[in-house]
file input00.txt (compact mmCIF, C-alpha atoms)
# COMPACT_ATOMS: atom_id res chain seq x y z
CA MET A 491 24.51 -6.93 9.74
CA ILE A 492 22.39 -7.47 12.81
CA HIS A 493 18.98 -5.83 13.15
CA ASN A 494 18.91 -3.90 16.41
CA PHE A 495 16.29 -1.22 15.82
CA ASP A 496 13.72 -0.47 18.50
CA PRO A 497 10.16 -0.22 17.08
CA VAL A 498 9.38 2.32 19.83
CA LEU A 499 10.83 5.77 19.17
CA ILE A 500 9.77 7.36 22.46
CA ASP A 501 8.33 5.56 25.49
CA PHE A 502 6.38 7.68 27.97
CA GLY A 503 5.27 4.62 29.91
CA ILE A 504 1.54 4.77 29.33
CA ILE A 505 1.94 6.18 25.83
CA GLN A 506 4.44 5.03 23.22
CA ILE A 507 5.38 6.71 19.96
CA ARG A 508 6.17 3.99 17.44
CA TRP A 509 7.88 4.26 14.08
CA TYR A 510 4.98 2.42 12.43
CA SER A 511 2.45 4.97 13.68
CA LEU A 512 4.66 7.81 12.47
CA ALA A 513 4.89 6.13 9.06
CA TYR A 514 1.09 6.21 8.78
CA ILE A 515 0.88 9.82 9.97
CA PHE A 516 3.64 11.22 7.75
CA GLY A 517 2.61 9.03 4.82
CA ILE A 518 -0.87 10.56 4.93
CA LEU A 519 0.35 14.12 5.52
CA ILE A 520 2.98 14.08 2.77
CA GLY A 521 0.65 12.21 0.42
CA TRP A 522 -2.06 14.80 1.17
CA TRP A 523 0.28 17.65 0.26
CA TYR A 524 1.60 15.90 -2.83
CA GLY A 525 -1.88 14.95 -4.01
CA LYS A 526 -2.88 18.62 -3.96
CA THR A 527 0.27 19.43 -5.89
CA ILE A 528 -0.67 16.91 -8.58
CA LEU A 529 -4.19 18.36 -8.79
CA LYS A 530 -2.77 21.86 -9.23
CA ILE A 531 -0.33 20.87 -11.95
CA LYS A 532 -2.33 18.27 -13.85
CA PHE A 533 -5.92 19.38 -13.26
CA ASN A 534 -5.49 23.14 -12.83
CA ASN A 535 -8.61 23.86 -14.84
CA GLN A 536 -10.82 21.79 -12.54
CA GLU A 537 -10.88 23.73 -9.27
CA VAL A 538 -13.73 21.65 -7.87
CA TYR A 539 -11.45 18.61 -7.50
CA PHE A 540 -8.90 20.65 -5.57
CA LYS A 541 -11.50 22.10 -3.22
CA ASN A 542 -12.98 18.70 -2.36
CA PHE A 543 -9.65 16.96 -1.88
CA ASP A 544 -9.26 17.94 1.79
CA ASP A 545 -12.62 16.39 2.64
CA LEU A 546 -11.73 13.27 0.67
CA VAL A 547 -8.51 12.73 2.62
CA GLY A 548 -10.46 12.63 5.90
CA TYR A 549 -12.67 9.85 4.57
CA LEU A 550 -9.67 8.07 3.06
CA ILE A 551 -8.05 7.75 6.49
CA ILE A 552 -11.16 5.94 7.70
CA GLY A 553 -11.25 3.80 4.55
CA ILE A 554 -7.57 2.81 4.95
CA ILE A 555 -7.99 1.79 8.58
CA ILE A 556 -11.24 -0.14 8.14
CA GLY A 557 -10.21 -1.70 4.84
CA GLY A 558 -6.73 -2.57 6.04
CA ARG A 559 -8.01 -4.22 9.19
CA LEU A 560 -10.88 -6.13 7.56
CA GLY A 561 -8.54 -7.18 4.76
CA TYR A 562 -6.15 -8.70 7.27
CA VAL A 563 -9.01 -10.42 9.07
CA LEU A 564 -10.52 -11.91 5.89
CA PHE A 565 -7.38 -12.60 3.86
CA TYR A 566 -4.85 -13.64 6.47
CA ASN A 567 -6.53 -15.00 9.61
CA PRO A 568 -10.32 -15.40 9.22
CA PHE A 569 -10.76 -18.47 11.42
CA PHE A 570 -9.00 -16.91 14.40
CA TYR A 571 -11.04 -13.70 14.23
CA PHE A 572 -14.33 -15.48 13.67
CA GLU A 573 -13.69 -17.40 16.87
CA ASN A 574 -12.38 -14.29 18.68
CA PHE A 575 -14.60 -11.57 17.25
CA LEU A 576 -13.61 -8.81 19.69
CA GLU A 577 -9.96 -9.16 18.64
CA ILE A 578 -10.90 -7.55 15.32
CA PHE A 579 -11.20 -4.19 17.06
CA LYS A 580 -7.81 -4.41 18.82
CA ILE A 581 -5.88 -2.70 16.04
CA TRP A 582 -3.05 -1.76 18.40
CA LYS A 583 -2.01 -5.42 18.43
CA GLY A 584 -1.11 -5.15 14.75
CA GLY A 585 -2.55 -6.78 11.66
CA MET A 586 -3.18 -4.56 8.62
CA SER A 587 -3.42 -5.62 4.99
CA PHE A 588 -2.25 -3.43 2.12
CA HIS A 589 -4.71 -5.02 -0.28
CA GLY A 590 -7.55 -4.50 2.20
CA GLY A 591 -6.52 -0.87 2.65
CA LEU A 592 -6.48 -0.48 -1.15
CA ILE A 593 -10.03 -1.79 -1.38
CA GLY A 594 -11.04 0.68 1.34
CA VAL A 595 -9.45 3.53 -0.62
CA ILE A 596 -11.16 2.51 -3.88
CA ILE A 597 -14.61 2.26 -2.27
CA THR A 598 -14.15 5.57 -0.46
CA ILE A 599 -13.07 7.47 -3.56
CA TYR A 600 -15.83 5.97 -5.69
CA PHE A 601 -18.71 6.84 -3.38
CA PHE A 602 -17.27 10.23 -2.41
CA SER A 603 -16.95 11.16 -6.09
CA LYS A 604 -20.45 9.92 -6.90
CA ILE A 605 -21.95 11.96 -4.05
CA LYS A 606 -20.04 15.06 -5.18
CA ASN A 607 -20.86 14.36 -8.85
CA LEU A 608 -17.17 14.19 -9.79
CA ASN A 609 -15.12 11.89 -12.01
CA PHE A 610 -13.70 9.32 -9.58
CA LYS A 611 -10.89 8.45 -12.02
CA VAL A 612 -9.29 11.85 -11.41
CA TYR A 613 -8.94 11.06 -7.73
CA PHE A 614 -7.87 7.48 -8.48
CA ASP A 615 -4.96 8.79 -10.56
CA THR A 616 -4.05 11.44 -7.98
CA ILE A 617 -3.97 9.00 -5.06
CA ALA A 618 -2.09 6.45 -7.17
CA CYS A 619 0.72 8.97 -7.65
CA ALA A 620 0.88 9.84 -3.95
CA ALA A 621 0.39 6.35 -2.49
CA PRO A 622 4.00 5.14 -3.04
CA ILE A 623 5.12 7.74 -0.49
CA GLY A 624 3.14 6.05 2.25
CA ILE A 625 4.10 2.60 0.98
CA PHE A 626 7.79 3.51 1.19
CA LEU A 627 7.49 4.81 4.75
CA GLY A 628 5.40 1.81 5.76
CA ARG A 629 7.94 -0.72 4.44
CA VAL A 630 10.81 1.09 6.14
CA SER A 631 8.89 0.94 9.42
CA ASN A 632 8.26 -2.79 8.79
CA TYR A 633 12.03 -3.17 8.65
CA ILE A 634 12.50 -1.18 11.85
CA ASN A 635 9.87 -3.38 13.53
CA GLY A 636 11.71 -6.49 12.36
CA GLU A 637 8.52 -7.87 10.78
CA LEU A 638 7.72 -9.22 7.32
CA TYR A 639 11.34 -10.37 7.13
CA GLY A 640 12.83 -12.30 4.25
CA THR A 641 13.91 -15.86 3.60
CA PRO A 642 17.41 -17.10 4.52
CA THR A 643 20.23 -15.99 2.21
CA ASP A 644 24.01 -16.06 1.91
CA LYS A 645 24.16 -12.65 0.23
CA SER A 646 26.52 -10.10 1.75
CA TRP A 647 23.67 -7.66 2.38
CA GLY A 648 21.65 -10.18 4.37
CA ILE A 649 20.35 -9.18 7.80
CA ILE A 650 20.13 -11.17 11.02
CA PHE A 651 16.89 -10.59 12.93
CA PRO A 652 17.78 -11.76 16.47
CA LYS A 653 14.15 -11.81 17.61
CA VAL A 654 13.43 -14.35 14.88
CA ASP A 655 16.54 -16.55 14.75
CA ASN A 656 20.25 -16.37 13.95
CA LEU A 657 19.89 -16.91 10.22
CA THR A 658 20.97 -14.27 7.72
CA ARG A 659 17.86 -13.20 5.83
CA HIS A 660 16.86 -11.07 2.86
CA PRO A 661 15.81 -7.54 3.94
CA SER A 662 12.61 -8.00 1.94
CA GLN A 663 11.07 -4.92 3.57
CA ILE A 664 13.78 -2.79 1.93
CA TYR A 665 13.24 -4.51 -1.42
CA GLU A 666 9.58 -3.51 -1.19
CA ALA A 667 10.38 0.03 -0.05
CA ILE A 668 12.57 0.50 -3.13
CA SER A 669 10.35 -1.20 -5.70
CA GLU A 670 6.83 -0.39 -4.43
CA GLY A 671 7.89 2.98 -3.07
CA ILE A 672 10.70 4.73 -4.95
CA ILE A 673 10.55 3.04 -8.36
CA LEU A 674 6.74 2.97 -8.51
CA PHE A 675 6.58 6.64 -7.49
CA ALA A 676 9.07 7.62 -10.22
CA ILE A 677 7.25 5.73 -12.99
CA LEU A 678 3.71 6.86 -12.17
CA ASN A 679 4.64 10.49 -11.67
CA PHE A 680 6.63 10.54 -14.89
CA ILE A 681 3.56 9.27 -16.70
CA ILE A 682 1.07 11.70 -15.18
CA LEU A 683 3.33 14.77 -15.46
CA LYS A 684 4.93 14.12 -18.83
CA LYS A 685 2.20 12.47 -20.87
CA ASN A 686 -1.33 13.38 -21.89
CA THR A 687 -3.12 10.31 -20.58
CA SER A 688 -6.78 9.46 -20.16
CA SER A 689 -8.33 9.51 -16.70
CA GLY A 690 -7.85 6.15 -15.05
CA PHE A 691 -4.69 5.26 -16.98
CA VAL A 692 -2.28 6.02 -14.12
CA SER A 693 -4.34 4.18 -11.50
CA SER A 694 -4.59 1.17 -13.82
CA MET A 695 -0.81 1.23 -14.17
CA PHE A 696 -0.55 1.42 -10.38
CA LEU A 697 -2.49 -1.83 -10.03
CA ILE A 698 -0.32 -3.57 -12.62
CA LEU A 699 3.07 -2.28 -11.50
CA TYR A 700 2.47 -2.64 -7.77
CA GLY A 701 1.27 -6.18 -8.37
CA ILE A 702 4.42 -7.03 -10.34
CA PHE A 703 6.76 -5.47 -7.78
CA ARG A 704 4.95 -7.12 -4.89
CA ILE A 705 5.10 -10.57 -6.46
CA PHE A 706 8.81 -10.07 -7.13
CA SER A 707 9.41 -9.10 -3.48
CA GLU A 708 7.29 -11.98 -2.18
CA ASN A 709 9.88 -14.36 -3.65
CA PHE A 710 12.31 -13.13 -0.99
CA ARG A 711 9.82 -12.79 1.86
CA GLU A 712 9.04 -15.39 4.51
CA PRO A 713 5.35 -16.34 4.18
CA ASP A 714 3.00 -15.78 7.10
CA GLU A 715 3.64 -18.56 9.59
CA HIS A 716 -0.02 -19.44 10.10
CA ILE A 717 -0.70 -19.53 6.34
CA GLY A 718 2.48 -20.66 4.63
CA PHE A 719 2.41 -21.16 0.88
CA ILE A 720 -0.87 -21.73 -0.95
CA PHE A 721 -0.77 -24.51 -3.55
CA SER A 722 2.78 -25.13 -2.26
CA SER A 723 4.20 -22.16 -4.18
CA PHE A 724 2.27 -18.92 -3.73
CA SER A 725 1.95 -16.59 -0.75
CA MET A 726 -1.32 -14.84 -0.03
CA GLY A 727 0.32 -11.53 -0.96
CA SER A 728 1.28 -12.92 -4.39
CA ILE A 729 -2.23 -14.19 -5.09
CA LEU A 730 -3.85 -10.88 -4.15
CA SER A 731 -1.27 -8.99 -6.21
CA PHE A 732 -1.96 -11.22 -9.21
CA VAL A 733 -5.61 -10.23 -8.95
CA MET A 734 -4.46 -6.59 -8.96
CA ILE A 735 -2.56 -7.17 -12.20
CA LEU A 736 -5.60 -8.76 -13.84
CA LEU A 737 -7.88 -5.89 -12.78
CA GLY A 738 -5.34 -3.25 -13.86
CA THR A 739 -4.96 -4.91 -17.26
CA PHE A 740 -8.75 -5.11 -17.69
CA PHE A 741 -9.19 -1.40 -16.88
CA LEU A 742 -6.28 -0.46 -19.16
CA LEU A 743 -7.78 -2.38 -22.07
CA LYS A 744 -11.13 -0.75 -21.39
CA ILE A 745 -9.55 2.73 -21.49
CA ASN A 746 -7.76 1.94 -24.77
CA LEU A 747 -11.00 0.62 -26.26
CA ASN A 748 -12.87 3.77 -25.26
CA GLU A 749 -10.11 5.86 -26.85
CA LYS A 750 -10.42 3.98 -30.13
CA ASN A 751 -14.21 4.38 -30.17
CA ARG A 752 -14.07 8.18 -29.84

call {"tool": "encode", "arguments": {"input": "input00.txt", "output": "C-alpha cells"}}
result
Amino acid sequence: MIHNFDPVLIDFGIIQIRWYSLAYIFGILIGWWYGKTILKIKFNNQEVYFKNFDDLVGYLIIGIIIGGRLGYVLFYNPFFYFENFLEIFKIWKGGMSFHGGLIGVIITIYFFSKIKNLNFKVYFDTIACAAPIGIFLGRVSNYINGELYGTPTDKSWGIIFPKVDNLTRHPSQIYEAISEGIILFAILNFIILKKNTSSGFVSSMFLILYGIFRIFSENFREPDEHIGFIFSSFSMGSILSFVMILLGTFFLLKINLNEKNR
C-alpha cells in the first residue's frame, strides 16, 4: 500500500482545516462527554465532582498545549529551541510531546483539585479512562500526516510513505492507535466500571499500561532523526514510557499498602 493521504482536509487559502487539529478538537469534546458519563456512573453520589468537571476541562486544554509543547522542547530538541527561543511559540509548525502533555494534565488536575478542595485521584481516574479516545484519534491523524512512521519491513501490511522514501515501512501509528487507544480504553473502562477499586488505581494502571504499549510500539517506529537511539538501543519515547511504568508501579504499591493498613 502507498500512503497518499492529504494532511489538509479543507484548504481555504489563508485558513486550512487539518486532520491533526480535528483530532485534538474531537478528542477533547468526546473525552469531555465521556468523562462526565464516567462521573455519573461511577461517582454518582459525589455531585461536586460532576459540577466542577466543565471548568476543569477548560484548564486541561491549556495544560495539554503548554505541557505538550514544553515537553517537546525539553525532551526532543532542547538545543535548537534554546538557540531559537521564539520558535517555541510557533506551535503551528508542529512539535508536541505526549509525555509533556501528560505532565501538563497531571499538574492541572492536581492544583485544580487542591483549590476546589477535591480528591484529585477521582479526576485522575476519570481522565485516564477518557484519554485513550484522544490518543486514538491523534495516532490516526499521525498516520494521515505521514509522520512518526515505522521502520522498514517486508510484512504484507507494510506501507510506503512516498514523502519519506520508497521503502515499505511498519504503520507504527496504527499500532499505537490500536494498543494505546482501543485496547487501553477497553481495559481501563472495564476496570473502573466492573470493579470496586480505590481512587488512583485506574490512573496508576494507565501509566503502567500506556508505558508498556508505547515501548512495544517504539520497537517498530523510526526514531526521531535528530535524536536517534539513546545508548544505541532506546528511543526517547521508550525511556519516558519506562519512567511512566516505574511511577505507575510505585503509586499502585502505595495504594495497596494503604488498603492493607486500613

call {"tool": "atom_distance", "arguments": {"input": "input00.txt", "atom1": "atom CA of A:Gly590", "atom2": "atom CA of A:Asn542"}}
result
24.3 Å

call {"tool": "residues_around", "arguments": {"input": "input00.txt", "residues": "A:Ile578", "least_positions_apart": "5", "cutoff": "12 Å", "atoms": "all atoms listed in the file", "output": "list in words"}}
result
Ile555, Ile556, Gly558, Arg559, Leu560, Gly561, Tyr562, Val563, Leu564, Asn567, Pro568, Phe569, Phe570, Tyr571, Phe572, Glu573, Lys583, Gly584, Gly585 and Met586 of chain A

call {"tool": "closest_residue", "arguments": {"input": "input00.txt", "among": "A:Lys526, A:Gly636, A:Trp582, A:Leu737", "to": "A:Gln506", "atoms": "only C-alpha atoms"}}
result
A:Trp582

call {"tool": "closest_residue", "arguments": {"input": "input00.txt", "among": "A:Phe691, A:Tyr633, A:Ile735, A:His660", "to": "A:Glu749", "atoms": "only C-alpha atoms"}}
result
A:Phe691

call {"tool": "atom_distance", "arguments": {"input": "input00.txt", "atom1": "atom CA of A:Ile634", "atom2": "atom CA of A:Ile677"}}
result
26.3 Å

call {"tool": "atom_distance", "arguments": {"input": "input00.txt", "atom1": "atom CA of A:Tyr613", "atom2": "atom CA of A:Gly525"}}
result
8.9 Å

call {"tool": "residues_around", "arguments": {"input": "input00.txt", "residues": "A:Phe724", "least_positions_apart": "5", "cutoff": "12 Å", "atoms": "all atoms listed in the file", "output": "list of chain:residue names"}}
result
A:Ile705, A:Phe706, A:Glu708, A:Asn709, A:Phe710, A:Arg711, A:Glu712, A:Pro713, A:Asp714, A:Ile717, A:Gly718, A:Phe719, A:Ile729, A:Leu730, A:Ser731, A:Phe732

call {"tool": "closest_residue", "arguments": {"input": "input00.txt", "among": "A:Phe602, A:Phe675, A:Phe741, A:Phe579", "to": "A:Gly548", "atoms": "all atoms listed in the file"}}
result
A:Phe602

call {"tool": "residues_around", "arguments": {"input": "input00.txt", "residues": "stretch 683-689 of chain A", "least_positions_apart": "4", "cutoff": "8 Å", "atoms": "only C-alpha atoms", "output": "PyMOL selection string"}}
result
chain A and resi 531-532+611-612+615+679+745

call {"tool": "closest_residue", "arguments": {"input": "input00.txt", "among": "A:Thr616, A:Arg508, A:Phe601, A:Lys541", "to": "A:Gly521", "atoms": "only C-alpha atoms"}}
result
A:Thr616

call {"tool": "residues_near_point", "arguments": {"input": "input00.txt", "point": "(14.3, 11.6, 16.1)", "cutoff": "12 Å", "atoms": "all atoms listed in the file", "output": "list in words"}}
result
Val498, Leu499, Ile500, Ile507, Arg508, Trp509 and Leu512 of chain A

call {"tool": "decode", "arguments": {"input": "input00.txt", "residues": "stretch 628-647 of chain A", "atoms": "N, CA and C atoms", "output": "compact mmCIF listing (two decimals), in the first residue's frame"}}
result
# COMPACT_ATOMS: atom_id res chain seq x y z
N GLY A 628 -5.48 10.95 17.76
CA GLY A 628 -4.20 11.58 17.49
C GLY A 628 -3.28 10.69 16.67
N ARG A 629 -3.23 9.39 16.99
CA ARG A 629 -2.37 8.46 16.26
C ARG A 629 -2.88 8.24 14.83
N VAL A 630 -4.19 8.21 14.66
CA VAL A 630 -4.74 8.08 13.31
C VAL A 630 -4.36 9.31 12.48
N SER A 631 -4.42 10.49 13.09
CA SER A 631 -4.05 11.71 12.36
C SER A 631 -2.54 11.74 12.08
N ASN A 632 -1.73 11.13 12.98
CA ASN A 632 -0.29 11.00 12.70
C ASN A 632 -0.08 10.17 11.43
N TYR A 633 -0.89 9.13 11.29
CA TYR A 633 -0.80 8.29 10.09
C TYR A 633 -1.20 9.08 8.85
N ILE A 634 -2.29 9.82 8.95
CA ILE A 634 -2.75 10.64 7.82
C ILE A 634 -1.68 11.65 7.44
N ASN A 635 -1.01 12.23 8.43
CA ASN A 635 0.05 13.21 8.18
C ASN A 635 1.31 12.57 7.60
N GLY A 636 1.42 11.24 7.72
CA GLY A 636 2.62 10.57 7.25
C GLY A 636 3.82 10.82 8.14
N GLU A 637 3.58 11.04 9.43
CA GLU A 637 4.65 11.32 10.39
C GLU A 637 4.73 10.20 11.41
N LEU A 638 5.81 10.16 12.15
CA LEU A 638 6.04 9.12 13.16
C LEU A 638 5.91 7.73 12.55
N TYR A 639 6.42 7.59 11.33
CA TYR A 639 6.31 6.35 10.58
C TYR A 639 7.24 5.29 11.15
N GLY A 640 7.03 4.05 10.70
CA GLY A 640 7.76 2.93 11.26
C GLY A 640 9.05 2.60 10.53
N THR A 641 9.70 1.58 11.02
CA THR A 641 10.95 1.09 10.43
C THR A 641 10.63 0.22 9.22
N PRO A 642 11.60 0.01 8.34
CA PRO A 642 11.37 -0.83 7.15
C PRO A 642 10.94 -2.25 7.52
N THR A 643 10.07 -2.84 6.69
CA THR A 643 9.57 -4.18 6.93
C THR A 643 9.24 -4.86 5.61
N ASP A 644 9.19 -6.19 5.65
CA ASP A 644 8.76 -6.94 4.47
C ASP A 644 7.38 -7.55 4.68
N LYS A 645 6.69 -7.13 5.75
CA LYS A 645 5.35 -7.63 6.03
C LYS A 645 4.36 -7.16 4.96
N SER A 646 3.34 -7.96 4.74
CA SER A 646 2.38 -7.66 3.68
C SER A 646 1.56 -6.40 3.98
N TRP A 647 1.46 -6.04 5.24
CA TRP A 647 0.68 -4.85 5.60
C TRP A 647 1.55 -3.58 5.70
